[in-house]
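Asker: One structure follows; several queries about it will come next.
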Amino acid sequence: MKLLTFVADGQQLVGALEGDDVVVLDVADMRTLFELGHPVQLYAEKLKTNRRFALADVALQAPIIPKKIFHTAGNYKEHAQEGDRANWPHAIKPWIVFFQNVDAIIGPNAPIIYPEHLTEELDYELELSIVVGKPGKHFSVEEAKDYIGGYLIFNDITARDIQRREMESANFSFSKAIDTFCPFGPWIVTADEIPDPYNLALELRVNGEKRQISNSSHMSVTIPQILSKFSPAGYSAGDIVTTGTVSGVAAFSADPQAWYLKPGDVIEAEIEKIGILRNPVISWKDAYGVPAPERQRF
């Protein structure tokens, strides 16, 4: 089942995709739906109403606003290897984790606002992400599979110049947490629809040009291992866990300045069996109607 949050008739609603239509679910928001119970598709089925809209007529929103985003990284060796080739200041190793800023979340087609007063090196990172299906803590790898509620696409927007400075202290977070740097979507695909998450084609395009091309089979750790590893922090139903990006980011390319994102770019992040998350990049002035503030250096 594909579960989505959307706006129609001036209301923000939760729905289930059926062909080219969206069936409205009788629930306040997506996180509430996940909090009702696991597996979520059983509860969604019971909450279907007679209201429906054509998918083409609705405005998709971020599918869910979780309590927490567990942002994990270093789970694809190919990304670590390209970092080594580019002489990135720190090695990219498995089991990196930090909490992402939920207020930076945007949905499909929403603009990524380029804060040119903060960064000159705006980058993309395509990631498969997990929606946690039920609350839990301190669970084993064997138990972890039962906590997978669904999957969605994440584009981890990063200010590389800020990140590089942050990593001088062997820590980074702000470079990925700036407003609009957290696009998720286009919807949540429930776990039963993707029985094998380790054979999914991943592709990210900028203005139609292929930048990241990989497969989830390249992941060096498993999703249950990731979920179990960080479960001592405690999960709530609807929390999101990212799984790290693949090779092909701008920062590690042969010509980073040519590949870094710019206002006017359109990013398409695609994962097989999930869909396409599309977001434009716009300037500060186009977003707010005034020039960007004075340049800040980090």
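Chain identifiers are assigned as A, B, and so on, following the order in which chains appear in the structure tokens; residues are numbered from 1 within each chain, and ligands are numbered from 1 in order of appearance.
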Using only C-alpha atoms, determine which residues lie at most 8 Å from Pro94 in chain A, disregarding the query and same-chain residues fewer than 6 positions distant; provide the list as an mmCIF file with C-alpha atoms, in the first residue's frame.
Answerer:
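Writing the result to selection-v6.cif gives the following:
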```cif
data_model
loop_
_atom_site.group_PDB
_atom_site.id
_atom_site.type_symbol
_atom_site.label_atom_id
_atom_site.label_comp_id
_atom_site.auth_asym_id
_atom_site.auth_seq_id
_atom_site.Cartn_x
_atom_site.Cartn_y
_atom_site.Cartn_z
ATOM 1 C CA ALA A 73 25.617 7.045 7.232
ATOM 2 C CA GLY A 74 28.631 5.098 6.048
ATOM 3 C CA ASN A 75 26.532 2.075 5.116
ATOM 4 C CA TYR A 76 27.678 1.912 1.467
#
```
Asker: Quick one: residues within 12 Å of Gln61 in chain A, only C-alpha atoms counted, chain neighbours fewer than 2 positions away excluded, as a VMD selection string?
Answerer: chain A and resid 3 to 8 11 to 15 29 to 30 58 to 59 63 to 65 105 to 111 183 to 188 277 to 279
Asker: Please report as a Markdown table every residue of range 187-265 of chain A lying within 12 Å of range 159-174 of chain A, along with the nearest atom pair and their distance in Å (one decimal), using only C-alpha atoms.
Answerer:
```
| residue | atom | partner | partner_atom | distance |
| --- | --- | --- | --- | --- |
| A:Val249 | CA | A:Arg160 | CA | 10.6 |
| A:Ala250 | CA | A:Arg160 | CA | 9.4 |
| A:Ala251 | CA | A:Arg160 | CA | 7.1 |
| A:Phe252 | CA | A:Arg160 | CA | 10.5 |
| A:Pro256 | CA | A:Arg160 | CA | 10.3 |
| A:Gln257 | CA | A:Arg160 | CA | 11.2 |
| A:Tyr260 | CA | A:Arg160 | CA | 9.4 |
| A:Leu261 | CA | A:Ala159 | CA | 10.0 |
| A:Lys262 | CA | A:Ala159 | CA | 12.0 |
```
Asker: Please, could you write that set of residues out with C-alpha atoms as an mmCIF file, in the first residue's frame?
Answerer:
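Dumped everything to selection-v2.cif:
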```cif
data_model
loop_
_atom_site.group_PDB
_atom_site.id
_atom_site.type_symbol
_atom_site.label_atom_id
_atom_site.label_comp_id
_atom_site.auth_asym_id
_atom_site.auth_seq_id
_atom_site.Cartn_x
_atom_site.Cartn_y
_atom_site.Cartn_z
ATOM 1 C CA VAL A 249 27.730 12.916 -4.938
ATOM 2 C CA ALA A 250 28.973 16.242 -6.284
ATOM 3 C CA ALA A 251 31.638 16.733 -3.610
ATOM 4 C CA PHE A 252 33.515 13.595 -4.675
ATOM 5 C CA PRO A 256 32.601 19.414 -7.793
ATOM 6 C CA GLN A 257 31.975 23.061 -8.647
ATOM 7 C CA TYR A 260 27.093 21.401 -6.923
ATOM 8 C CA LEU A 261 23.438 22.414 -6.926
ATOM 9 C CA LYS A 262 22.381 25.869 -8.085
#
```
Asker: What's the separation between CA of Phe230 in chain A and CA of Asn155 in chain A, in Å to one decimal place?
Answerer: 21.3 Å
Asker: For the atom pair CA of Leu128 in chain A and CA of Glu270 in chain A, what is the interatomic distance in Å to one decimal place?
Answerer: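 Result for CA of Leu128 in chain A versus CA of Glu270 in chain A: 9.5 Å, one decimal.
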Asker: Run DSSP on the backbone of this structure and report the residues of range 90-198 of chain A it assigns to strand (DSSP E), as a PyMOL selection string.
Answerer: chain A and resi 96-99+105-106+112-114+122-123+126-132+148-155+158-159+182-190
Asker: Using only C-alpha atoms, which of A:Glu116, A:Glu272, A:Asp255, A:Asp179 sits nearest Tyr151 in chain A?
Answerer: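 Residue with the minimum atom-to-atom distance to Tyr151 in chain A: A:Glu272.
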Asker: Which parts of range 119-209 of chain A does DSSP call helix (DSSP H, G or I) when run on the backbone here, written out as a list in words?
Answerer: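 Helix (DSSP H, G or I) assignments inside range 119-209 of chain A correspond to Val141, Glu142, Glu143, Ala144, Lys145, Asp146, Tyr147, Arg160, Asp161, Ile162, Gln163, Arg164, Arg165, Glu166, Met167, Glu168, Ser169, Phe174, Ser175, Lys176, Ala177, Ala191, Asp192 and Glu193 of chain A.
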Asker: Name the closest residue to Ser228 in chain A among the candidates A:Ala258, A:Val189, A:Val132, A:Ile92; distances are taken between atoms, counting only C-alpha atoms.
Answerer: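 Under the stated criterion, the closest residue is A:Val132.
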Asker: Nearest residue to Leu126 in chain A out of A:Glu209, A:Glu203, A:Asp192, A:Glu45, using only C-alpha atoms?
Answerer: A:Glu203
Asker: So which one's closest to Gly149 in chain A, A:His38, A:His79, A:His90, A:Arg51? Using only C-alpha atoms, please.
Answerer: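 Result for the nearest residue to Gly149 in chain A: A:His38.
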Asker: Which polymer residues have any atom within 8 Å of an atom of Glu82 in chain A, counting only C-alpha atoms, with same-chain residues fewer than 4 positions away left out, as a PyMOL selection string?
Answerer: chain A and resi 78+86+247+252
Asker: What does the file look like for those residues with C-alpha atoms, as a PDB file, in the first residue's frame?
Answerer:
```
ATOM      1  CA  GLU A  78      31.209   2.755  -2.555  1.00  0.00           C
ATOM      2  CA  ALA A  86      38.594  12.711  -3.202  1.00  0.00           C
ATOM      3  CA  SER A 247      28.419   6.979  -4.801  1.00  0.00           C
ATOM      4  CA  PHE A 252      33.515  13.595  -4.675  1.00  0.00           C
TER       5      PHE A 252
END
```
Asker: Restricting the calculation to only C-alpha atoms: of A:Ser220, A:Leu227, A:Leu25, A:Leu33, which residue gets closest to Lys48 in chain A?
Answerer: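 Of A:Ser220, A:Leu227, A:Leu25, A:Leu33, the one nearest Lys48 in chain A, counting only C-alpha atoms, is A:Leu25.
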Asker: Out of A:Val281, A:Lys210, A:Asp20, A:Pro39, which residue has the shortest atom-to-atom distance to Asp57 in chain A when counting only C-alpha atoms?
Answerer: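 Looking at the shortest contact to Asp57 in chain A, the residue is A:Asp20.
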Asker: So that I can see what lies close to Ser129 in chain A, please list as a PyMOL selection string the residues with an atom at most 8 Å from it, counting only C-alpha atoms and leaving out residues fewer than 6 positions away in the same chain.
Answerer: chain A and resi 151-154+240-243
Asker: Could you write out the selected residues, including C-alpha atoms, as an mmCIF file, in the first residue's frame?
Answerer:
```cif
data_model
loop_
_atom_site.group_PDB
_atom_site.id
_atom_site.type_symbol
_atom_site.label_atom_id
_atom_site.label_comp_id
_atom_site.auth_asym_id
_atom_site.auth_seq_id
_atom_site.Cartn_x
_atom_site.Cartn_y
_atom_site.Cartn_z
ATOM 1 C CA TYR A 151 9.939 2.720 3.034
ATOM 2 C CA LEU A 152 10.321 6.159 1.483
ATOM 3 C CA ILE A 153 12.915 8.261 -0.358
ATOM 4 C CA PHE A 154 15.158 10.828 1.320
ATOM 5 C CA ILE A 240 12.419 7.578 10.241
ATOM 6 C CA VAL A 241 15.775 5.832 9.925
ATOM 7 C CA THR A 242 17.927 6.701 6.920
ATOM 8 C CA THR A 243 20.377 4.178 5.464
#
```
Asker: Suppose you want the space between CA of Glu127 in chain A and CA of Gln212 in chain A; what is it in Å?
Answerer: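 Straight-line distance from CA of Glu127 in chain A to CA of Gln212 in chain A works out to 10.5 Å.
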